[in-house]
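Okay, structure21.pdb is below, PDB, C-alpha atoms, pLDDT in the B column:
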```pdb
MODEL        1
ATOM      1  CA  ALA A  21      12.337  -8.803   1.976  1.00 90.00           C
ATOM      2  CA  SER A  22      11.940 -11.044  -1.077  1.00 92.00           C
ATOM      3  CA  GLU A  23      10.522 -13.913   1.001  1.00 94.00           C
ATOM      4  CA  GLY A  24       7.914 -11.639   2.569  1.00 96.00           C
ATOM      5  CA  ALA A  25       6.989 -10.159  -0.797  1.00 96.00           C
ATOM      6  CA  LYS A  26       6.628 -13.633  -2.323  1.00 95.00           C
ATOM      7  CA  ALA A  27       4.373 -14.659   0.563  1.00 96.00           C
ATOM      8  CA  ALA A  28       2.245 -11.551   0.005  1.00 96.00           C
ATOM      9  CA  LEU A  29       1.856 -12.409  -3.687  1.00 97.00           C
ATOM     10  CA  LYS A  30       0.915 -15.984  -2.847  1.00 97.00           C
ATOM     11  CA  TYR A  31      -1.713 -14.821  -0.370  1.00 97.00           C
ATOM     12  CA  GLY A  32      -3.085 -12.216  -2.768  1.00 97.00           C
ATOM     13  CA  PHE A  33      -3.470 -14.679  -5.606  1.00 97.00           C
ATOM     14  CA  THR A  34      -4.446 -17.881  -3.766  1.00 96.00           C
ATOM     15  CA  LYS A  35      -6.450 -16.616  -0.775  1.00 96.00           C
ATOM     16  CA  ALA A  36      -7.705 -13.143  -1.712  1.00 97.00           C
ATOM     17  CA  GLY A  37      -8.433 -14.034  -5.333  1.00 96.00           C
ATOM     18  CA  LEU A  38      -6.760 -10.988  -6.834  1.00 98.00           C
ATOM     19  CA  GLU A  39      -6.117 -10.898 -10.564  1.00 97.00           C
ATOM     20  CA  THR A  40      -3.361  -8.256 -10.461  1.00 98.00           C
ATOM     21  CA  ILE A  41      -1.135  -6.987  -7.672  1.00 98.00           C
ATOM     22  CA  TYR A  42       0.550  -3.590  -7.782  1.00 98.00           C
ATOM     23  CA  SER A  43       3.525  -2.231  -5.898  1.00 97.00           C
ATOM     24  CA  TRP A  44       5.214   1.155  -5.973  1.00 96.00           C
ATOM     25  CA  THR A  45       8.144   2.948  -4.456  1.00 96.00           C
ATOM     26  CA  SER A  46      10.114   6.141  -4.795  1.00 96.00           C
ATOM     27  CA  VAL A  47      12.509   5.970  -7.747  1.00 96.00           C
ATOM     28  CA  LEU A  48      15.260   6.668  -5.200  1.00 96.00           C
ATOM     29  CA  ASN A  49      14.497   3.407  -3.364  1.00 96.00           C
ATOM     30  CA  GLN A  50      16.415   1.086  -5.655  1.00 96.00           C
ATOM     31  CA  ARG A  51      16.476  -1.741  -3.112  1.00 96.00           C
ATOM     32  CA  SER A  52      12.683  -1.961  -3.071  1.00 96.00           C
ATOM     33  CA  GLU A  53      12.596  -1.798  -6.840  1.00 96.00           C
ATOM     34  CA  ALA A  54      15.112  -4.655  -6.966  1.00 96.00           C
ATOM     35  CA  VAL A  55      12.827  -6.776  -4.748  1.00 96.00           C
ATOM     36  CA  MET A  56       9.904  -6.130  -7.085  1.00 97.00           C
ATOM     37  CA  LYS A  57      11.998  -7.297 -10.032  1.00 96.00           C
ATOM     38  CA  ARG A  58      13.264 -10.377  -8.147  1.00 95.00           C
ATOM     39  CA  ILE A  59       9.735 -11.576  -7.382  1.00 95.00           C
ATOM     40  CA  GLY A  60       8.701 -11.308 -11.025  1.00 96.00           C
ATOM     41  CA  MET A  61       6.943  -7.963 -11.086  1.00 97.00           C
ATOM     42  CA  GLN A  62       7.320  -5.711 -14.125  1.00 97.00           C
ATOM     43  CA  LYS A  63       6.948  -1.985 -14.665  1.00 98.00           C
ATOM     44  CA  ALA A  64       3.385  -0.985 -15.483  1.00 97.00           C
ATOM     45  CA  ALA A  65       2.537   0.536 -18.868  1.00 95.00           C
ATOM     46  CA  ASN A  66       2.868   4.085 -17.496  1.00 94.00           C
ATOM     47  CA  PRO A  67       5.108   3.438 -14.510  1.00 97.00           C
ATOM     48  CA  TYR A  68       6.161   6.898 -13.348  1.00 96.00           C
ATOM     49  CA  PHE A  69       3.993   9.210 -11.284  1.00 95.00           C
ATOM     50  CA  ALA A  70       4.259  11.948  -8.691  1.00 94.00           C
ATOM     51  CA  HIS A  71       3.055  10.879  -5.252  1.00 93.00           C
ATOM     52  CA  GLN A  72      -0.068  12.891  -4.479  1.00 92.00           C
ATOM     53  CA  SER A  73       0.812  13.420  -0.804  1.00 93.00           C
ATOM     54  CA  LEU A  74       4.164  15.039  -1.552  1.00 93.00           C
ATOM     55  CA  ASP A  75       5.044  18.355  -3.096  1.00 93.00           C
ATOM     56  CA  LYS A  76       6.104  17.851  -6.721  1.00 89.00           C
ATOM     57  CA  ASP A  77       9.580  19.216  -5.871  1.00 92.00           C
ATOM     58  CA  HIS A  78      10.069  16.855  -2.927  1.00 95.00           C
ATOM     59  CA  PRO A  79      12.979  14.433  -3.546  1.00 92.00           C
ATOM     60  CA  LEU A  80      10.711  11.420  -2.872  1.00 94.00           C
ATOM     61  CA  SER A  81       7.829  12.620  -5.040  1.00 95.00           C
ATOM     62  CA  LYS A  82       8.685  10.640  -8.190  1.00 96.00           C
ATOM     63  CA  HIS A  83       7.488   7.029  -7.898  1.00 96.00           C
ATOM     64  CA  VAL A  84       7.586   3.932 -10.082  1.00 97.00           C
ATOM     65  CA  LEU A  85       4.710   1.442 -10.370  1.00 98.00           C
ATOM     66  CA  TYR A  86       5.153  -2.318 -10.823  1.00 98.00           C
ATOM     67  CA  GLU A  87       2.553  -5.012 -11.386  1.00 98.00           C
ATOM     68  CA  ILE A  88       2.118  -8.746 -11.757  1.00 98.00           C
ATOM     69  CA  THR A  89      -0.906 -10.705 -12.918  1.00 97.00           C
ATOM     70  CA  GLN A  90      -2.046 -13.982 -11.457  1.00 97.00           C
ATOM     71  CA  GLN A  91      -1.337 -15.669 -14.800  1.00 96.00           C
ATOM     72  CA  LYS A  92       2.264 -14.362 -14.851  1.00 96.00           C
ATOM     73  CA  TRP A  93       2.746 -15.373 -11.205  1.00 96.00           C
ATOM     74  CA  ASN A  94       1.423 -18.882 -11.931  1.00 94.00           C
ATOM     75  CA  GLU A  95       4.005 -19.257 -14.723  1.00 93.00           C
ATOM     76  CA  THR A  96       6.822 -18.695 -12.224  1.00 86.00           C
ATOM     77  CA  GLN A  97       5.581 -21.198  -9.631  1.00 85.00           C
TER
ENDMDL
END
```
File written out as structure tokens:
Amino acid sequence: ASEGAKAALKYGFTKAGLETIYSWTSVLNQRSEAVMKRIGMQKAANPYFAHQSLDKDHPLSKHVLYEITQQKWNETQ
């Protein structure tokens, strides 16, 4: 998963010209969150939100948002 995520970041920054890339997952999905951390992403300023397509009481409703800027990504290359 980390290799695919790294390739997606590379494409986003070098081919698509993005300045920031965001990723999110349910707070219950700790494996996905671990991948985001491994590839250099960090929690956004206000990282927690309720997914709009799920009822607020649904177990998967609470999500966490990560981000990485092109500048930060370049520093890790």
Which polymer residues have any atom within 10 Å of an atom of Thr96 of chain A, counting all atoms listed in the file, with same-chain residues fewer than 5 positions away left out, as a list in words?
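Within the cut-off, the hits are Ile59, Gly60 and Gln91 of chain A.
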When you look at Ser81 of chain A with a cut-off of 6 Å (counting all atoms listed in the file), what residues show up, excluding the ones that are within fewer than 3 positions of it in the same chain? I need them as a PyMOL selection string.
chain A and resi 70-71+74+76+78
Between A:Ser52, A:Gln97, A:Ser46, A:Gln62, which is the closest to Lys82 of chain A once you count only C-alpha atoms?
A:Ser46
With all atoms listed in the file as the basis for distance, which of A:Ile41, A:Met56, A:Leu29, A:Leu48 is at the shortest distance from Thr89 of chain A?
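Result for the nearest residue to Thr89 of chain A: A:Ile41.
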For the structure provided, state which residues fall under the PyMOL selection byres ((chain A and resi 55) around 12), and present them as a count of residues only.
23
So that I can see what lies close to Pro67 of chain A, please list as a PyMOL selection string the residues with an atom at most 8 Å from it, counting all atoms listed in the file and leaving out residues fewer than 5 positions away in the same chain.
chain A and resi 83-86
As an exercise, work out the distance from atom CA of Val47 of chain A to atom CA of Gln72 of chain A in Å and give it to one decimal place.
14.7 Å
Interatomic distance between atom CA of Gln90 of chain A and atom CA of Ala27 of chain A?
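Atom CA of Ala27 of chain A lies 13.6 Å from atom CA of Gln90 of chain A.
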Could you please determine the separation between atom CA of Thr34 of chain A and atom CA of Asn94 of chain A in Å, to one decimal place?
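Spanning atom CA of Thr34 of chain A to atom CA of Asn94 of chain A is a straight-line distance of 10.1 Å.
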